[in-house]
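Please read the structure below before turning to the comments.
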Amino acid sequence: KIEYFFVDEAGGATKQVTEYRNLVERQGVDIVMGYISSGDCLAIPPVAEELKKLTILSDCGTPRVFEENNYKYVFRTGPHAAMDNVSAARYIFKRGIKVETVAGINQNYAWGQDSWADFSMSLKSLYKDINIVSEQFPKIFAGQYGAEVSALSIAKPDVIHSSFWGSDLEAFVLQAQARRLFKNSTIIFSAGDHVLPSLGKNMPDGVIIGARGPHGDLAPDSPLGNWFKTNMAKRYDIKQTTQPMHKAAMAVLFVKKAYDLAFEKTGKFPSQEQVIEVMEGLEWDSPSGLVSMALGNGHQAIQDTAIGITKWDQDENRVKIVDIERFNAKCVNPPEGIKAIDWIAGGFKGAECN
């Protein structure tokens, strides 16, 4: 049996470090799993190492977690954000979309800054001659983007990139739609699929959209993936699954496989050290396809990915992702030991693409 303790990830990194210590030192948990914010994911791992507690980062995206440090007790079961932004740039290039000018609007913290750096550098590596005409970095959870939308409208870029998520992304779509921003530029939301159910028809057709991996409509056709999507939709009365559900499942299945293998190896319920030994470099199946701990000395996952464009489906009464392109994991993730931004700037040396 598994007993859960739930903590709301709100209040910033300092508060989350306090909550983490409470879970480990007072509640005595065996594993801490979660974290959406990249700021939290940079703050938690040093504490996990101090307390020697197995910690699974299931969602946050900044590449810096394992590029700047080595950890024994921390694993991230989803790829970092470089994959999202490299695949977005490759999608544009593969589809033959004209790009001479590009702009970005991203939240002003690790996630937004890293996402924009990865995307803009990827475009420069693919197109060679592009001009960045506007860079907007509003505060996270600002909610009002009138000034930024005006700046983007005046700049008239061919492509606008955003790694916005959650309420910020919803607010931006509504405000930009009212100002006809979607009519004049190709817009990319590198991690935007999770707002499709809430926005519905307010999400315009033709927006390039990613899901931080092959999740939801982007998930590969497989027995496990189809079972997961069908049963999640039935259980929670939803029209589609999105990235948070898939990424949580990836994390849980990673832990399950590691404990199963460690039990088989030891013949008894394994210790934390024995489980960690199995986790390093582990491959496992998920509703979003095969995942591999291939980076960060076996602590950082990579996987194949996919990206497409939005299209309202009248029959299903929802926004679908169509015109999907798929990319191999080693096409859109750097090799082990190389920082993502250096790999991108160097022209994706060693990338294995179809």
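Residue numbering restarts at 1 for every chain of the structure tokens, chains are lettered A, B, ... in their displayed order, and ligands are numbered from 1 as they appear.
Near Ile188 of chain A, within 7 Å and counting only C-alpha atoms, sit Ile160, His161, Ser162, Thr186, Ser190, Val207, Ile208 and Ile209 of chain A; same-chain residues fewer than 2 positions away were not included.
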What does the file look like for those residues with N, CA, C and O atoms, as a compact mmCIF listing (two decimals), in the first residue's frame?
# COMPACT_ATOMS: atom_id res chain seq x y z
N ILE A 160 6.22 34.24 -33.55
CA ILE A 160 6.26 34.61 -32.14
C ILE A 160 6.32 33.33 -31.32
O ILE A 160 5.49 32.43 -31.49
N HIS A 161 7.27 33.27 -30.42
CA HIS A 161 7.44 32.09 -29.55
C HIS A 161 7.05 32.43 -28.12
O HIS A 161 7.36 33.51 -27.61
N SER A 162 6.39 31.50 -27.46
CA SER A 162 6.09 31.65 -26.04
C SER A 162 6.10 30.30 -25.34
O SER A 162 5.57 29.32 -25.85
N THR A 186 2.86 33.76 -37.21
CA THR A 186 2.79 32.37 -36.80
C THR A 186 3.19 32.29 -35.34
O THR A 186 4.27 32.77 -34.96
N SER A 190 5.23 26.44 -26.96
CA SER A 190 6.06 25.24 -26.88
C SER A 190 5.57 24.24 -25.84
O SER A 190 5.93 23.07 -25.90
N VAL A 207 -2.26 27.39 -34.60
CA VAL A 207 -1.20 27.69 -33.65
C VAL A 207 -0.31 26.46 -33.50
O VAL A 207 -0.81 25.36 -33.27
N ILE A 208 0.98 26.62 -33.65
CA ILE A 208 1.92 25.51 -33.44
C ILE A 208 2.00 25.25 -31.95
O ILE A 208 2.23 26.18 -31.16
N ILE A 209 1.81 24.00 -31.56
CA ILE A 209 1.68 23.73 -30.13
C ILE A 209 2.40 22.44 -29.74
O ILE A 209 2.37 21.45 -30.46
(request) Just list the residues in segment 15-102 of chain A DSSP gives alpha helix (DSSP H) on the backbone, as a count of residues only. (result) 39
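Near segment 164-166 of chain A, within 8 Å and counting only C-alpha atoms, sit A:Ile105, A:Asn106, A:Gln107, A:Gly112, A:Ser162, A:Asp168, A:Leu169, A:Glu170, A:Phe189, A:Ala191, A:Gly192, A:His194, A:Val195; same-chain residues fewer than 2 positions away were not included.
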(message) Need to verify the contact set: segment 228-237 of chain A, 10 Å, only C-alpha atoms, exclusion of same-chain residues closer than 6 positions in sequence. Can you return it as a ChimeraX atom specification?
(response) /A:215-217,219,222,245-246,249,286-288
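Every protein, DNA or RNA residue with an atom at most 9 Å from segment 86-97 of chain A, where only C-alpha atoms count and chain neighbours fewer than 5 positions away do not, is listed here: Ala81, Asp118, Phe119, Ser120, Met121, Ser122, Leu123, Leu126, Tyr127, Thr186, Ile188, Phe189, Ser190, Ile208, Ile209, Gly210, Thr305, Ala306, Ile307, Gly308, Ile324, Glu325, Arg326, Phe327, Cys331, Val332, Asn333 and Ile344 of chain A.
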(request) Kindly indicate which residue among A:Ile276, A:Met203, A:Ala258, A:Val252 lies nearest to Ile309 of chain A, using only C-alpha atoms for the distances. (result) A:Met203
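All residues of protein, DNA or RNA that reach within 10 Å of segment 9-11 of chain A, judged by only C-alpha atoms and not counting those fewer than 2 positions away in the chain, are A:Phe6, A:Val7, A:Ala13, A:Thr14, A:Lys15, A:Gln16, A:Glu19, A:Gly34, A:Tyr35, A:Ile36, A:Ser37, A:Asp40.
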So that I have them on file, write out the residues from the current selection with N, CA, C and O atoms, as a PDB file, in the first residue's frame.
ATOM      1  N   PHE A   6      -0.095  15.216   0.288  1.00  0.00           N
ATOM      2  CA  PHE A   6      -0.147  16.194  -0.795  1.00  0.00           C
ATOM      3  C   PHE A   6       0.193  17.585  -0.277  1.00  0.00           C
ATOM      4  O   PHE A   6      -0.310  18.011   0.767  1.00  0.00           O
ATOM      5  N   VAL A   7       1.038  18.282  -1.026  1.00  0.00           N
ATOM      6  CA  VAL A   7       1.418  19.657  -0.701  1.00  0.00           C
ATOM      7  C   VAL A   7       1.149  20.521  -1.927  1.00  0.00           C
ATOM      8  O   VAL A   7       1.506  20.151  -3.046  1.00  0.00           O
ATOM      9  N   ALA A  13      10.008  29.298  -4.116  1.00  0.00           N
ATOM     10  CA  ALA A  13      11.008  28.277  -3.820  1.00  0.00           C
ATOM     11  C   ALA A  13      11.324  28.164  -2.335  1.00  0.00           C
ATOM     12  O   ALA A  13      11.494  27.054  -1.810  1.00  0.00           O
ATOM     13  N   THR A  14      11.410  29.285  -1.634  1.00  0.00           N
ATOM     14  CA  THR A  14      11.733  29.235  -0.203  1.00  0.00           C
ATOM     15  C   THR A  14      10.677  28.454   0.566  1.00  0.00           C
ATOM     16  O   THR A  14      11.001  27.612   1.427  1.00  0.00           O
ATOM     17  N   LYS A  15       9.412  28.713   0.264  1.00  0.00           N
ATOM     18  CA  LYS A  15       8.332  27.990   0.925  1.00  0.00           C
ATOM     19  C   LYS A  15       8.381  26.498   0.567  1.00  0.00           C
ATOM     20  O   LYS A  15       8.146  25.633   1.432  1.00  0.00           O
ATOM     21  N   GLN A  16       8.690  26.182  -0.687  1.00  0.00           N
ATOM     22  CA  GLN A  16       8.724  24.784  -1.089  1.00  0.00           C
ATOM     23  C   GLN A  16       9.872  24.026  -0.433  1.00  0.00           C
ATOM     24  O   GLN A  16       9.739  22.837  -0.134  1.00  0.00           O
ATOM     25  N   GLU A  19       8.499  23.174   2.904  1.00  0.00           N
ATOM     26  CA  GLU A  19       7.538  22.069   2.773  1.00  0.00           C
ATOM     27  C   GLU A  19       8.267  20.742   2.544  1.00  0.00           C
ATOM     28  O   GLU A  19       7.878  19.698   3.080  1.00  0.00           O
ATOM     29  N   GLY A  34       7.204  15.362  -7.737  1.00  0.00           N
ATOM     30  CA  GLY A  34       6.398  16.473  -8.230  1.00  0.00           C
ATOM     31  C   GLY A  34       7.235  17.623  -8.760  1.00  0.00           C
ATOM     32  O   GLY A  34       8.307  17.414  -9.307  1.00  0.00           O
ATOM     33  N   TYR A  35       6.705  18.827  -8.615  1.00  0.00           N
ATOM     34  CA  TYR A  35       7.273  20.119  -8.987  1.00  0.00           C
ATOM     35  C   TYR A  35       7.077  20.445 -10.460  1.00  0.00           C
ATOM     36  O   TYR A  35       7.527  19.744 -11.351  1.00  0.00           O
ATOM     37  N   ILE A  36       6.359  21.560 -10.651  1.00  0.00           N
ATOM     38  CA  ILE A  36       6.090  22.113 -11.970  1.00  0.00           C
ATOM     39  C   ILE A  36       7.040  23.274 -12.260  1.00  0.00           C
ATOM     40  O   ILE A  36       7.588  23.382 -13.350  1.00  0.00           O
ATOM     41  N   SER A  37       7.252  24.121 -11.287  1.00  0.00           N
ATOM     42  CA  SER A  37       8.044  25.326 -11.483  1.00  0.00           C
ATOM     43  C   SER A  37       9.532  25.009 -11.596  1.00  0.00           C
ATOM     44  O   SER A  37      10.100  24.281 -10.760  1.00  0.00           O
ATOM     45  N   ASP A  40      11.434  26.078  -8.484  1.00  0.00           N
ATOM     46  CA  ASP A  40      11.389  25.100  -7.395  1.00  0.00           C
ATOM     47  C   ASP A  40      12.342  23.940  -7.664  1.00  0.00           C
ATOM     48  O   ASP A  40      12.984  23.409  -6.748  1.00  0.00           O
TER      49      ASP A  40
END
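Here atom CA of Gln175 of chain A is placed at a distance of 17.8 Å from atom CA of Pro197 of chain A.
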